[in-house]
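Listing of my_file_28.txt, compact mmCIF, N, CA and C atoms
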```
# COMPACT_ATOMS: atom_id res chain seq x y z
N MET U 1 -16.03 7.28 3.33
CA MET U 1 -15.01 6.53 2.64
C MET U 1 -14.41 7.41 1.55
N TYR U 2 -13.10 7.34 1.44
CA TYR U 2 -12.37 8.13 0.47
C TYR U 2 -11.80 7.24 -0.62
N TRP U 3 -11.77 7.78 -1.83
CA TRP U 3 -11.10 7.12 -2.93
C TRP U 3 -9.71 7.71 -2.99
N GLU U 4 -8.70 6.86 -2.91
CA GLU U 4 -7.31 7.32 -2.89
C GLU U 4 -6.52 6.60 -3.96
N ASN U 5 -5.55 7.28 -4.51
CA ASN U 5 -4.64 6.70 -5.50
C ASN U 5 -3.22 7.02 -5.08
N GLY U 6 -2.27 6.36 -5.69
CA GLY U 6 -0.89 6.65 -5.34
C GLY U 6 0.07 5.87 -6.19
N ILE U 7 1.25 5.73 -5.65
CA ILE U 7 2.31 5.02 -6.34
C ILE U 7 2.92 4.01 -5.38
N SER U 8 3.27 2.86 -5.93
CA SER U 8 3.85 1.77 -5.13
C SER U 8 5.08 1.25 -5.83
N ALA U 9 6.01 0.76 -5.05
CA ALA U 9 7.19 0.10 -5.59
C ALA U 9 7.50 -1.09 -4.69
N GLN U 10 7.87 -2.19 -5.30
CA GLN U 10 8.27 -3.37 -4.54
C GLN U 10 9.59 -3.89 -5.10
N TYR U 11 10.37 -4.50 -4.22
CA TYR U 11 11.67 -5.04 -4.62
C TYR U 11 11.81 -6.45 -4.07
N SER U 12 12.26 -7.35 -4.93
CA SER U 12 12.52 -8.73 -4.53
C SER U 12 14.02 -8.97 -4.64
N PHE U 13 14.61 -9.54 -3.61
CA PHE U 13 16.05 -9.76 -3.57
C PHE U 13 16.42 -11.00 -4.39
N GLU U 14 17.42 -10.88 -5.22
CA GLU U 14 17.86 -11.98 -6.08
C GLU U 14 18.40 -13.16 -5.28
N ASN U 15 19.01 -12.87 -4.12
CA ASN U 15 19.65 -13.93 -3.33
C ASN U 15 18.83 -14.41 -2.14
N PHE U 16 17.64 -13.86 -1.96
CA PHE U 16 16.80 -14.28 -0.84
C PHE U 16 15.35 -14.37 -1.30
N LYS U 17 14.88 -15.56 -1.50
CA LYS U 17 13.48 -15.83 -1.88
C LYS U 17 13.02 -14.93 -3.03
N PRO U 18 13.71 -14.99 -4.20
CA PRO U 18 13.33 -14.13 -5.32
C PRO U 18 11.90 -14.38 -5.78
N ASN U 19 11.19 -13.32 -6.07
CA ASN U 19 9.79 -13.33 -6.50
C ASN U 19 8.85 -13.98 -5.50
N GLN U 20 9.30 -14.08 -4.25
CA GLN U 20 8.44 -14.60 -3.20
C GLN U 20 8.37 -13.63 -2.03
N PHE U 21 9.51 -13.10 -1.61
CA PHE U 21 9.55 -12.10 -0.54
C PHE U 21 9.84 -10.74 -1.17
N PHE U 22 9.03 -9.73 -0.80
CA PHE U 22 9.17 -8.39 -1.34
C PHE U 22 9.18 -7.37 -0.21
N VAL U 23 9.96 -6.32 -0.39
CA VAL U 23 9.86 -5.14 0.46
C VAL U 23 9.32 -4.03 -0.43
N GLY U 24 8.57 -3.11 0.18
CA GLY U 24 7.95 -2.09 -0.67
C GLY U 24 7.73 -0.78 0.03
N PHE U 25 7.36 0.20 -0.78
CA PHE U 25 6.99 1.54 -0.32
C PHE U 25 5.74 1.95 -1.08
N ASP U 26 4.80 2.56 -0.37
CA ASP U 26 3.57 3.07 -0.98
C ASP U 26 3.33 4.50 -0.52
N PHE U 27 2.93 5.34 -1.45
CA PHE U 27 2.41 6.66 -1.13
C PHE U 27 1.00 6.69 -1.69
N VAL U 28 0.03 6.90 -0.81
CA VAL U 28 -1.38 6.89 -1.21
C VAL U 28 -2.00 8.18 -0.70
N SER U 29 -2.79 8.83 -1.56
CA SER U 29 -3.35 10.13 -1.19
C SER U 29 -4.74 10.34 -1.76
N SER U 30 -5.58 11.00 -0.98
CA SER U 30 -6.88 11.41 -1.50
C SER U 30 -6.73 12.59 -2.45
N ARG U 31 -5.57 13.24 -2.45
CA ARG U 31 -5.30 14.35 -3.38
C ARG U 31 -5.36 13.86 -4.82
N LEU U 32 -5.11 12.56 -5.02
CA LEU U 32 -5.17 11.95 -6.34
C LEU U 32 -6.46 11.15 -6.52
N GLY U 33 -7.43 11.43 -5.69
CA GLY U 33 -8.70 10.72 -5.75
C GLY U 33 -9.84 11.64 -5.39
N THR U 34 -10.51 11.37 -4.27
CA THR U 34 -11.68 12.12 -3.85
C THR U 34 -11.41 13.62 -3.69
N ALA U 35 -10.24 13.99 -3.18
CA ALA U 35 -9.95 15.41 -2.92
C ALA U 35 -9.42 16.14 -4.15
N PHE U 36 -9.27 15.46 -5.27
CA PHE U 36 -8.82 16.12 -6.49
C PHE U 36 -9.94 17.02 -7.00
N SER U 37 -9.69 18.30 -7.07
CA SER U 37 -10.67 19.29 -7.55
C SER U 37 -11.96 19.27 -6.74
N SER U 38 -11.86 19.05 -5.43
CA SER U 38 -13.05 19.12 -4.58
C SER U 38 -12.62 19.65 -3.21
N ASN U 39 -13.57 19.80 -2.33
CA ASN U 39 -13.25 20.29 -0.99
C ASN U 39 -13.14 19.14 0.03
N ALA U 40 -12.97 17.93 -0.45
CA ALA U 40 -12.79 16.78 0.45
C ALA U 40 -11.47 16.94 1.20
N ILE U 41 -11.38 16.31 2.36
CA ILE U 41 -10.16 16.39 3.18
C ILE U 41 -9.01 15.71 2.45
N LYS U 42 -7.90 16.40 2.42
CA LYS U 42 -6.69 15.87 1.78
C LYS U 42 -5.94 15.05 2.82
N GLN U 43 -5.74 13.78 2.51
CA GLN U 43 -5.04 12.90 3.44
C GLN U 43 -4.03 12.06 2.67
N ASP U 44 -2.89 11.82 3.35
CA ASP U 44 -1.78 11.10 2.74
C ASP U 44 -1.33 9.97 3.67
N SER U 45 -0.93 8.85 3.07
CA SER U 45 -0.36 7.73 3.82
C SER U 45 0.97 7.35 3.18
N TYR U 46 1.96 7.13 4.02
CA TYR U 46 3.28 6.68 3.61
C TYR U 46 3.52 5.34 4.29
N LEU U 47 3.73 4.29 3.50
CA LEU U 47 3.82 2.95 4.06
C LEU U 47 5.08 2.22 3.60
N LEU U 48 5.71 1.52 4.51
CA LEU U 48 6.76 0.55 4.21
C LEU U 48 6.14 -0.82 4.42
N SER U 49 6.51 -1.78 3.58
CA SER U 49 5.85 -3.08 3.70
C SER U 49 6.82 -4.23 3.44
N GLY U 50 6.43 -5.37 3.95
CA GLY U 50 7.06 -6.64 3.64
C GLY U 50 5.96 -7.59 3.23
N SER U 51 6.12 -8.28 2.11
CA SER U 51 5.06 -9.19 1.66
C SER U 51 5.64 -10.53 1.24
N TRP U 52 4.79 -11.54 1.35
CA TRP U 52 5.16 -12.90 1.01
C TRP U 52 4.14 -13.43 0.01
N HIS U 53 4.62 -13.91 -1.15
CA HIS U 53 3.76 -14.46 -2.19
C HIS U 53 3.84 -15.98 -2.13
N PHE U 54 2.71 -16.63 -1.99
CA PHE U 54 2.63 -18.09 -2.01
C PHE U 54 2.45 -18.56 -3.45
N ASN U 55 2.72 -19.82 -3.75
CA ASN U 55 2.58 -20.39 -5.10
C ASN U 55 3.41 -19.63 -6.12
N LYS U 56 4.67 -19.36 -5.85
CA LYS U 56 5.47 -18.49 -6.71
C LYS U 56 5.68 -19.05 -8.11
N ASN U 57 5.47 -20.32 -8.32
CA ASN U 57 5.66 -20.91 -9.64
C ASN U 57 4.39 -20.88 -10.49
N LYS U 58 3.34 -20.34 -9.98
CA LYS U 58 2.08 -20.25 -10.72
C LYS U 58 1.77 -18.78 -11.00
N PRO U 59 0.91 -18.49 -11.96
CA PRO U 59 0.62 -17.09 -12.27
C PRO U 59 -0.24 -16.40 -11.20
N TYR U 60 -0.89 -17.17 -10.35
CA TYR U 60 -1.70 -16.58 -9.28
C TYR U 60 -1.05 -16.86 -7.93
N HIS U 61 -1.17 -15.91 -7.03
CA HIS U 61 -0.53 -16.03 -5.72
C HIS U 61 -1.46 -15.51 -4.64
N PHE U 62 -1.48 -16.18 -3.53
CA PHE U 62 -2.04 -15.58 -2.34
C PHE U 62 -0.91 -14.76 -1.72
N VAL U 63 -1.25 -13.60 -1.19
CA VAL U 63 -0.24 -12.68 -0.69
C VAL U 63 -0.58 -12.28 0.74
N THR U 64 0.41 -12.32 1.61
CA THR U 64 0.26 -11.74 2.95
C THR U 64 1.24 -10.58 3.02
N ARG U 65 0.85 -9.57 3.76
CA ARG U 65 1.67 -8.35 3.80
C ARG U 65 1.52 -7.69 5.17
N LEU U 66 2.60 -7.07 5.62
CA LEU U 66 2.58 -6.29 6.84
C LEU U 66 3.08 -4.89 6.49
N ASN U 67 2.27 -3.89 6.81
CA ASN U 67 2.59 -2.50 6.51
C ASN U 67 2.84 -1.72 7.80
N ALA U 68 3.74 -0.77 7.72
CA ALA U 68 3.96 0.18 8.81
C ALA U 68 4.19 1.54 8.17
N GLY U 69 3.66 2.59 8.79
CA GLY U 69 3.84 3.90 8.18
C GLY U 69 3.23 5.04 8.96
N TYR U 70 2.90 6.09 8.22
CA TYR U 70 2.46 7.35 8.81
C TYR U 70 1.29 7.89 8.01
N PHE U 71 0.29 8.42 8.71
CA PHE U 71 -0.91 9.01 8.11
C PHE U 71 -0.99 10.48 8.50
N TYR U 72 -1.36 11.31 7.52
CA TYR U 72 -1.54 12.75 7.76
C TYR U 72 -2.77 13.22 7.03
N SER U 73 -3.65 13.95 7.71
CA SER U 73 -4.78 14.59 7.05
C SER U 73 -4.66 16.10 7.22
N ASP U 74 -4.83 16.80 6.13
CA ASP U 74 -4.71 18.26 6.10
C ASP U 74 -6.09 18.87 6.35
N LEU U 75 -6.32 19.28 7.58
CA LEU U 75 -7.64 19.82 7.94
C LEU U 75 -7.77 21.30 7.59
N GLU U 76 -6.71 21.93 7.14
CA GLU U 76 -6.63 23.26 6.54
C GLU U 76 -6.99 24.43 7.45
N GLU U 77 -8.07 24.39 8.13
CA GLU U 77 -8.53 25.53 8.92
C GLU U 77 -7.96 25.52 10.34
N ASP U 78 -7.63 26.70 10.87
CA ASP U 78 -7.10 26.81 12.23
C ASP U 78 -8.08 26.34 13.29
N MET U 79 -9.37 26.46 13.01
CA MET U 79 -10.36 26.06 14.02
C MET U 79 -10.33 24.55 14.28
N PHE U 80 -9.68 23.77 13.38
CA PHE U 80 -9.59 22.33 13.56
C PHE U 80 -8.25 21.88 14.13
N LYS U 81 -7.41 22.84 14.58
CA LYS U 81 -6.06 22.49 15.00
C LYS U 81 -6.02 21.58 16.23
N GLU U 82 -7.06 21.53 17.02
CA GLU U 82 -7.10 20.67 18.20
C GLU U 82 -7.52 19.24 17.87
N ILE U 83 -8.04 19.01 16.67
CA ILE U 83 -8.50 17.68 16.26
C ILE U 83 -7.29 16.87 15.78
N PRO U 84 -7.15 15.62 16.24
CA PRO U 84 -6.02 14.78 15.78
C PRO U 84 -6.05 14.61 14.26
N ASN U 85 -4.88 14.74 13.64
CA ASN U 85 -4.83 14.60 12.18
C ASN U 85 -3.63 13.76 11.71
N THR U 86 -2.92 13.14 12.64
CA THR U 86 -1.80 12.26 12.27
C THR U 86 -1.91 10.96 13.05
N ALA U 87 -1.29 9.93 12.50
CA ALA U 87 -1.26 8.64 13.19
C ALA U 87 -0.15 7.78 12.62
N PHE U 88 0.43 6.94 13.46
CA PHE U 88 1.34 5.91 12.99
C PHE U 88 0.48 4.72 12.59
N LEU U 89 0.86 4.06 11.52
CA LEU U 89 0.05 2.99 10.96
C LEU U 89 0.74 1.63 11.10
N LEU U 90 -0.06 0.63 11.38
CA LEU U 90 0.39 -0.75 11.37
C LEU U 90 -0.80 -1.57 10.87
N SER U 91 -0.57 -2.35 9.81
CA SER U 91 -1.70 -3.10 9.27
C SER U 91 -1.28 -4.44 8.66
N PRO U 92 -1.89 -5.52 9.11
CA PRO U 92 -1.74 -6.79 8.41
C PRO U 92 -2.72 -6.80 7.24
N GLU U 93 -2.37 -7.58 6.23
CA GLU U 93 -3.18 -7.56 5.01
C GLU U 93 -3.10 -8.92 4.33
N ILE U 94 -4.16 -9.28 3.63
CA ILE U 94 -4.19 -10.51 2.84
C ILE U 94 -4.74 -10.15 1.46
N GLY U 95 -4.22 -10.84 0.44
CA GLY U 95 -4.66 -10.50 -0.91
C GLY U 95 -4.42 -11.62 -1.89
N PHE U 96 -4.63 -11.27 -3.13
CA PHE U 96 -4.49 -12.20 -4.25
C PHE U 96 -3.82 -11.45 -5.38
N SER U 97 -2.84 -12.09 -6.02
CA SER U 97 -2.11 -11.47 -7.12
C SER U 97 -2.14 -12.38 -8.34
N TYR U 98 -2.20 -11.77 -9.51
CA TYR U 98 -2.17 -12.53 -10.75
C TYR U 98 -1.12 -11.92 -11.67
N ASP U 99 -0.18 -12.75 -12.15
CA ASP U 99 0.86 -12.32 -13.09
C ASP U 99 0.46 -12.76 -14.49
N PHE U 100 0.40 -11.82 -15.42
CA PHE U 100 0.09 -12.17 -16.80
C PHE U 100 1.32 -12.82 -17.43
N LYS U 101 1.12 -13.90 -18.18
CA LYS U 101 2.24 -14.68 -18.71
C LYS U 101 3.06 -13.91 -19.74
N LYS U 102 2.42 -13.23 -20.65
CA LYS U 102 3.14 -12.59 -21.75
C LYS U 102 3.36 -11.10 -21.55
N LEU U 103 2.94 -10.59 -20.43
CA LEU U 103 3.11 -9.16 -20.13
C LEU U 103 3.85 -9.00 -18.81
N PRO U 104 4.63 -7.94 -18.67
CA PRO U 104 5.31 -7.71 -17.38
C PRO U 104 4.40 -6.99 -16.38
N ILE U 105 3.14 -7.37 -16.36
CA ILE U 105 2.13 -6.70 -15.53
C ILE U 105 1.52 -7.71 -14.58
N SER U 106 1.26 -7.27 -13.35
CA SER U 106 0.53 -8.10 -12.39
C SER U 106 -0.54 -7.25 -11.72
N LEU U 107 -1.64 -7.90 -11.37
CA LEU U 107 -2.74 -7.27 -10.64
C LEU U 107 -2.75 -7.82 -9.23
N ASN U 108 -3.01 -6.96 -8.27
CA ASN U 108 -3.03 -7.36 -6.88
C ASN U 108 -4.26 -6.73 -6.23
N VAL U 109 -5.09 -7.55 -5.61
CA VAL U 109 -6.22 -7.05 -4.83
C VAL U 109 -6.03 -7.53 -3.39
N GLY U 110 -6.44 -6.71 -2.46
CA GLY U 110 -6.26 -7.10 -1.07
C GLY U 110 -7.11 -6.29 -0.12
N THR U 111 -7.13 -6.75 1.10
CA THR U 111 -7.82 -6.04 2.17
C THR U 111 -6.94 -6.09 3.41
N GLY U 112 -7.01 -5.03 4.17
CA GLY U 112 -6.21 -4.94 5.38
C GLY U 112 -6.96 -4.21 6.47
N TYR U 113 -6.35 -4.17 7.64
CA TYR U 113 -6.98 -3.54 8.79
C TYR U 113 -5.92 -2.75 9.55
N TYR U 114 -6.11 -1.43 9.64
CA TYR U 114 -5.19 -0.60 10.42
C TYR U 114 -5.44 -0.82 11.90
N ILE U 115 -4.39 -1.21 12.59
CA ILE U 115 -4.47 -1.38 14.03
C ILE U 115 -4.23 0.00 14.64
N ILE U 116 -5.25 0.57 15.22
CA ILE U 116 -5.17 1.91 15.79
C ILE U 116 -4.51 1.79 17.16
N THR U 117 -3.35 2.41 17.31
CA THR U 117 -2.61 2.30 18.57
C THR U 117 -2.85 3.48 19.50
N GLU U 118 -3.54 4.49 19.02
CA GLU U 118 -3.82 5.66 19.84
C GLU U 118 -4.98 5.39 20.80
N LYS U 119 -5.02 6.17 21.88
CA LYS U 119 -6.17 6.09 22.78
C LYS U 119 -7.41 6.60 22.05
N ASP U 120 -8.58 6.17 22.51
CA ASP U 120 -9.82 6.66 21.91
C ASP U 120 -9.86 8.17 21.92
N GLY U 121 -10.26 8.75 20.80
CA GLY U 121 -10.35 10.20 20.69
C GLY U 121 -9.07 10.88 20.26
N TYR U 122 -7.97 10.12 20.09
CA TYR U 122 -6.69 10.72 19.70
C TYR U 122 -6.23 10.30 18.31
N SER U 123 -7.05 9.55 17.59
CA SER U 123 -6.69 9.18 16.22
C SER U 123 -7.55 10.00 15.25
N PRO U 124 -7.05 10.22 14.05
CA PRO U 124 -7.81 11.01 13.08
C PRO U 124 -9.16 10.37 12.76
N GLY U 125 -10.18 11.17 12.70
CA GLY U 125 -11.52 10.67 12.41
C GLY U 125 -11.69 10.21 10.98
N THR U 126 -10.83 10.66 10.07
CA THR U 126 -10.96 10.25 8.67
C THR U 126 -10.19 8.97 8.36
N LEU U 127 -9.44 8.46 9.32
CA LEU U 127 -8.69 7.21 9.12
C LEU U 127 -9.61 6.03 9.42
N GLN U 128 -10.02 5.36 8.37
CA GLN U 128 -10.90 4.20 8.52
C GLN U 128 -10.04 2.95 8.68
N PRO U 129 -10.34 2.08 9.65
CA PRO U 129 -9.47 0.94 9.89
C PRO U 129 -9.48 -0.12 8.78
N LEU U 130 -10.63 -0.41 8.20
CA LEU U 130 -10.73 -1.44 7.17
C LEU U 130 -10.53 -0.80 5.79
N TYR U 131 -9.68 -1.39 4.97
CA TYR U 131 -9.46 -0.83 3.64
C TYR U 131 -9.33 -1.95 2.61
N PHE U 132 -9.55 -1.58 1.37
CA PHE U 132 -9.41 -2.46 0.21
C PHE U 132 -8.52 -1.76 -0.80
N HIS U 133 -7.81 -2.54 -1.61
CA HIS U 133 -6.98 -1.90 -2.63
C HIS U 133 -6.87 -2.76 -3.87
N LEU U 134 -6.60 -2.09 -4.98
CA LEU U 134 -6.30 -2.72 -6.26
C LEU U 134 -5.00 -2.09 -6.74
N ASP U 135 -4.00 -2.91 -6.98
CA ASP U 135 -2.70 -2.43 -7.44
C ASP U 135 -2.41 -3.02 -8.81
N ILE U 136 -1.80 -2.21 -9.66
CA ILE U 136 -1.30 -2.68 -10.95
C ILE U 136 0.20 -2.44 -10.93
N TYR U 137 0.97 -3.52 -11.07
CA TYR U 137 2.43 -3.44 -11.03
C TYR U 137 3.00 -3.72 -12.41
N TYR U 138 4.00 -2.94 -12.78
CA TYR U 138 4.78 -3.18 -13.99
C TYR U 138 6.14 -3.68 -13.52
N THR U 139 6.55 -4.85 -13.98
CA THR U 139 7.78 -5.47 -13.51
C THR U 139 8.98 -5.01 -14.32
N LEU U 140 9.96 -4.50 -13.60
CA LEU U 140 11.25 -4.16 -14.20
C LEU U 140 12.23 -5.25 -13.78
N THR U 141 13.01 -5.75 -14.71
CA THR U 141 13.98 -6.78 -14.38
C THR U 141 15.38 -6.31 -14.72
N LYS U 142 16.32 -6.80 -13.97
CA LYS U 142 17.72 -6.46 -14.18
C LYS U 142 18.24 -7.25 -15.36
N GLN U 143 18.94 -6.58 -16.26
CA GLN U 143 19.54 -7.23 -17.42
C GLN U 143 20.79 -7.98 -17.00
N LYS U 144 20.95 -9.21 -17.44
CA LYS U 144 22.14 -10.00 -17.12
C LYS U 144 23.14 -9.84 -18.26
N ASN U 145 24.40 -9.68 -17.91
CA ASN U 145 25.47 -9.55 -18.90
C ASN U 145 25.88 -10.94 -19.39
N ASN U 146 26.02 -11.08 -20.67
CA ASN U 146 26.50 -12.33 -21.26
C ASN U 146 28.00 -12.21 -21.51
N GLU U 147 28.78 -12.74 -20.60
CA GLU U 147 30.23 -12.62 -20.71
C GLU U 147 30.86 -13.94 -21.06
```
Would you mind writing the file out in structure tokens?
Amino acid sequence: MYWENGISAQYSFENFKPNQFFVGFDFVSSRLGTAFSSNAIKQDSYLLSGSWHFNKNKPYHFVTRLNAGYFYSDLEEDMFKEIPNTAFLLSPEIGFSYDFKKLPISLNVGTGYYIITEKDGYSPGTLQPLYFHLDIYYTLTKQKNNE
């Protein structure tokens, strides 16, 4: 199991289910976790997502999310060039989010499962299907003009 960190961004449309439906992008890497200053395998995931927050009028939300993306592991040595090190990712996910009332911060915890679409033996060995995450989001809001 690898410890990975990264950056996430989500956007909610003002005219379509505001603060309930979100689209997002995540970059997650072991380079910012287990592989930082160590010889652990460097692996990166790039994900696009769509998520739905239930109970939007309350500070806590159940969240469902669908992710799609790309996984790459840098095996570094030429002797490993025959070993699969990339994969396309698809993962459903369920989680829980809490919005702090007086702060523009929310916490999100969740678990998901990567659906491996490759034949046996053709997916990267370091890609674990079950994952857990903790996200901290800072909310930016658009300023409205008073005309």
Self-check item: Contacts of Phe54 in chain U at 8 Å (all atoms listed in the file; same-chain gap of 5+ positions) as a ChimeraX atom specification
Solution: /U:19-21,60-64
Which residues are close to Ser73 in chain U, i.e. within 8 Å by all atoms listed in the file, leaving aside same-chain residues fewer than 4 positions away? Reply as a PDB file with N, CA and C atoms, in the coordinates of the input.
```pdb
ATOM      1  N   ILE U  41     -11.380  16.310   2.360  1.00  0.00           N
ATOM      2  CA  ILE U  41     -10.160  16.390   3.180  1.00  0.00           C
ATOM      3  C   ILE U  41      -9.010  15.710   2.450  1.00  0.00           C
ATOM      4  N   LYS U  42      -7.900  16.400   2.420  1.00  0.00           N
ATOM      5  CA  LYS U  42      -6.690  15.870   1.780  1.00  0.00           C
ATOM      6  C   LYS U  42      -5.940  15.050   2.820  1.00  0.00           C
ATOM      7  N   GLN U  43      -5.740  13.780   2.510  1.00  0.00           N
ATOM      8  CA  GLN U  43      -5.040  12.900   3.440  1.00  0.00           C
ATOM      9  C   GLN U  43      -4.030  12.060   2.670  1.00  0.00           C
ATOM     10  N   ASP U  44      -2.890  11.820   3.350  1.00  0.00           N
ATOM     11  CA  ASP U  44      -1.780  11.100   2.740  1.00  0.00           C
ATOM     12  C   ASP U  44      -1.330   9.970   3.670  1.00  0.00           C
ATOM     13  N   SER U  45      -0.930   8.850   3.070  1.00  0.00           N
ATOM     14  CA  SER U  45      -0.360   7.730   3.820  1.00  0.00           C
ATOM     15  C   SER U  45       0.970   7.350   3.180  1.00  0.00           C
ATOM     16  N   PRO U  84      -7.150  15.620  16.240  1.00  0.00           N
ATOM     17  CA  PRO U  84      -6.020  14.780  15.780  1.00  0.00           C
ATOM     18  C   PRO U  84      -6.050  14.610  14.260  1.00  0.00           C
ATOM     19  N   ASN U  85      -4.880  14.740  13.640  1.00  0.00           N
ATOM     20  CA  ASN U  85      -4.830  14.600  12.180  1.00  0.00           C
ATOM     21  C   ASN U  85      -3.630  13.760  11.710  1.00  0.00           C
ATOM     22  N   THR U  86      -2.920  13.140  12.640  1.00  0.00           N
ATOM     23  CA  THR U  86      -1.800  12.260  12.270  1.00  0.00           C
ATOM     24  C   THR U  86      -1.910  10.960  13.050  1.00  0.00           C
ATOM     25  N   ALA U  87      -1.290   9.930  12.500  1.00  0.00           N
ATOM     26  CA  ALA U  87      -1.260   8.640  13.190  1.00  0.00           C
ATOM     27  C   ALA U  87      -0.150   7.780  12.620  1.00  0.00           C
ATOM     28  N   PRO U 124      -7.050  10.220  14.050  1.00  0.00           N
ATOM     29  CA  PRO U 124      -7.810  11.010  13.080  1.00  0.00           C
ATOM     30  C   PRO U 124      -9.160  10.370  12.760  1.00  0.00           C
ATOM     31  N   THR U 126     -10.830  10.660  10.070  1.00  0.00           N
ATOM     32  CA  THR U 126     -10.960  10.250   8.670  1.00  0.00           C
ATOM     33  C   THR U 126     -10.190   8.970   8.360  1.00  0.00           C
TER      34      THR U 126
END
```
Quiz item: Taking (-0.3, 5.1, 16.7) in the file's coordinates, which residues come within 7 Å, counting all atoms listed in the file, written as a list of chain:residue names?
Solution: U:Ala87, U:Phe88, U:Leu89, U:Leu90, U:Ile115, U:Ile116, U:Thr117, U:Glu118
Quiz item: If we count only N, CA and C atoms, what is near range 27-31 of chain U at a cut-off of 6 Å, once residues fewer than 2 positions away on the same chain are taken out, given as a ChimeraX atom specification?
Solution: /U:3-8,25,33-36,42-47
Practice problem: Rank U:Tyr70, U:Leu103, U:Tyr114, U:Asn108 by their smallest atom-to-atom distance to Leu134 in chain U, using only N, CA and C atoms, and report the top residue only. | Solution: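 Once distances to Leu134 in chain U are computed over only N, CA and C atoms, the minimum belongs to U:Asn108.
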Quiz item: Between U:Pro104, U:Trp52, U:Tyr137, U:Ile83, which one has atoms that come closest to Ser123 in chain U, using all atoms listed in the file?
Solution: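 Counting all atoms listed in the file, the residue closest to Ser123 in chain U is U:Ile83.
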Quiz item: Mind pulling up the distance from atom N of Leu127 in chain U to CA of Phe22 in chain U?
Solution: 27.3 Å
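If you look at atom N of His133 in chain U and atom N of Ile105 in chain U, they are 19.0 Å away from each other.
Considering the residues U:Ala40, U:Ala68, U:Ser97, U:Glu76 and counting all atoms listed in the file, His53 in chain U has its shortest atom-to-atom contact with U:Ser97.
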Quiz item: What is the atom C of Tyr11 in chain U to atom C of Val23 in chain U distance in Å?
Solution: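 Atom C of Val23 in chain U lies 5.0 Å from atom C of Tyr11 in chain U.
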Quiz item: Once you count all atoms listed in the file, which residues end up no further than 7 Å from (-5.5, -1.7, -13.3) in the file's frame, shown as a VMD selection string?
Solution: chain U and resid 107 134 to 136
Export of the given selection (N, CA and C atoms) as an mmCIF file, in the coordinates of the input:
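New file part20.cif:
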```
data_model
loop_
_atom_site.group_PDB
_atom_site.id
_atom_site.type_symbol
_atom_site.label_atom_id
_atom_site.label_comp_id
_atom_site.auth_asym_id
_atom_site.auth_seq_id
_atom_site.Cartn_x
_atom_site.Cartn_y
_atom_site.Cartn_z
ATOM 1 N N LEU U 107 -1.640 -7.900 -11.370
ATOM 2 C CA LEU U 107 -2.740 -7.270 -10.640
ATOM 3 C C LEU U 107 -2.750 -7.820 -9.230
ATOM 4 N N LEU U 134 -6.600 -2.090 -4.980
ATOM 5 C CA LEU U 134 -6.300 -2.720 -6.260
ATOM 6 C C LEU U 134 -5.000 -2.090 -6.740
ATOM 7 N N ASP U 135 -4.000 -2.910 -6.980
ATOM 8 C CA ASP U 135 -2.700 -2.430 -7.440
ATOM 9 C C ASP U 135 -2.410 -3.020 -8.810
ATOM 10 N N ILE U 136 -1.800 -2.210 -9.660
ATOM 11 C CA ILE U 136 -1.300 -2.680 -10.950
ATOM 12 C C ILE U 136 0.200 -2.440 -10.930
#
```
Quiz item: Could you pull the residues within 12 Å of Lys101 in chain U, counting only C-alpha atoms, minus those fewer than 4 positions along the same chain, as number ranges by chain?
Solution: U: 57-60, 105-106, 139
Self-check item: From U:Tyr98, U:Phe80, U:Tyr113, U:Tyr72, residue lying nearest Gln128 in chain U [only C-alpha atoms]
Solution: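 With only C-alpha atoms as the atom set, the closest residue is U:Tyr113.
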Since the input is missing atoms, can you rebuild N, CA, C and O atoms for range 78-85 of chain U and write them as a PDB file, in the frame of the given file?
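The new file selection20.pdb reads:
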```pdb
ATOM      1  N   ASP U  78      -7.630  26.700  10.870  1.00  0.00           N
ATOM      2  CA  ASP U  78      -7.100  26.810  12.230  1.00  0.00           C
ATOM      3  C   ASP U  78      -8.080  26.340  13.290  1.00  0.00           C
ATOM      4  O   ASP U  78      -7.678  25.868  14.352  1.00  0.00           O
ATOM      5  N   MET U  79      -9.370  26.460  13.010  1.00  0.00           N
ATOM      6  CA  MET U  79     -10.360  26.060  14.020  1.00  0.00           C
ATOM      7  C   MET U  79     -10.330  24.550  14.280  1.00  0.00           C
ATOM      8  O   MET U  79     -10.848  24.080  15.278  1.00  0.00           O
ATOM      9  N   PHE U  80      -9.680  23.770  13.380  1.00  0.00           N
ATOM     10  CA  PHE U  80      -9.590  22.330  13.560  1.00  0.00           C
ATOM     11  C   PHE U  80      -8.250  21.880  14.130  1.00  0.00           C
ATOM     12  O   PHE U  80      -7.969  20.690  14.197  1.00  0.00           O
ATOM     13  N   LYS U  81      -7.410  22.840  14.580  1.00  0.00           N
ATOM     14  CA  LYS U  81      -6.060  22.490  15.000  1.00  0.00           C
ATOM     15  C   LYS U  81      -6.020  21.580  16.230  1.00  0.00           C
ATOM     16  O   LYS U  81      -5.024  20.903  16.464  1.00  0.00           O
ATOM     17  N   GLU U  82      -7.060  21.530  17.020  1.00  0.00           N
ATOM     18  CA  GLU U  82      -7.100  20.670  18.200  1.00  0.00           C
ATOM     19  C   GLU U  82      -7.520  19.240  17.870  1.00  0.00           C
ATOM     20  O   GLU U  82      -7.395  18.341  18.704  1.00  0.00           O
ATOM     21  N   ILE U  83      -8.040  19.010  16.670  1.00  0.00           N
ATOM     22  CA  ILE U  83      -8.500  17.680  16.260  1.00  0.00           C
ATOM     23  C   ILE U  83      -7.290  16.870  15.780  1.00  0.00           C
ATOM     24  O   ILE U  83      -6.490  17.360  14.986  1.00  0.00           O
ATOM     25  N   PRO U  84      -7.150  15.620  16.240  1.00  0.00           N
ATOM     26  CA  PRO U  84      -6.020  14.780  15.780  1.00  0.00           C
ATOM     27  C   PRO U  84      -6.050  14.610  14.260  1.00  0.00           C
ATOM     28  O   PRO U  84      -7.111  14.368  13.673  1.00  0.00           O
ATOM     29  N   ASN U  85      -4.880  14.740  13.640  1.00  0.00           N
ATOM     30  CA  ASN U  85      -4.830  14.600  12.180  1.00  0.00           C
ATOM     31  C   ASN U  85      -3.630  13.760  11.710  1.00  0.00           C
ATOM     32  O   ASN U  85      -3.365  13.680  10.531  1.00  0.00           O
TER      33      ASN U  85
END
```
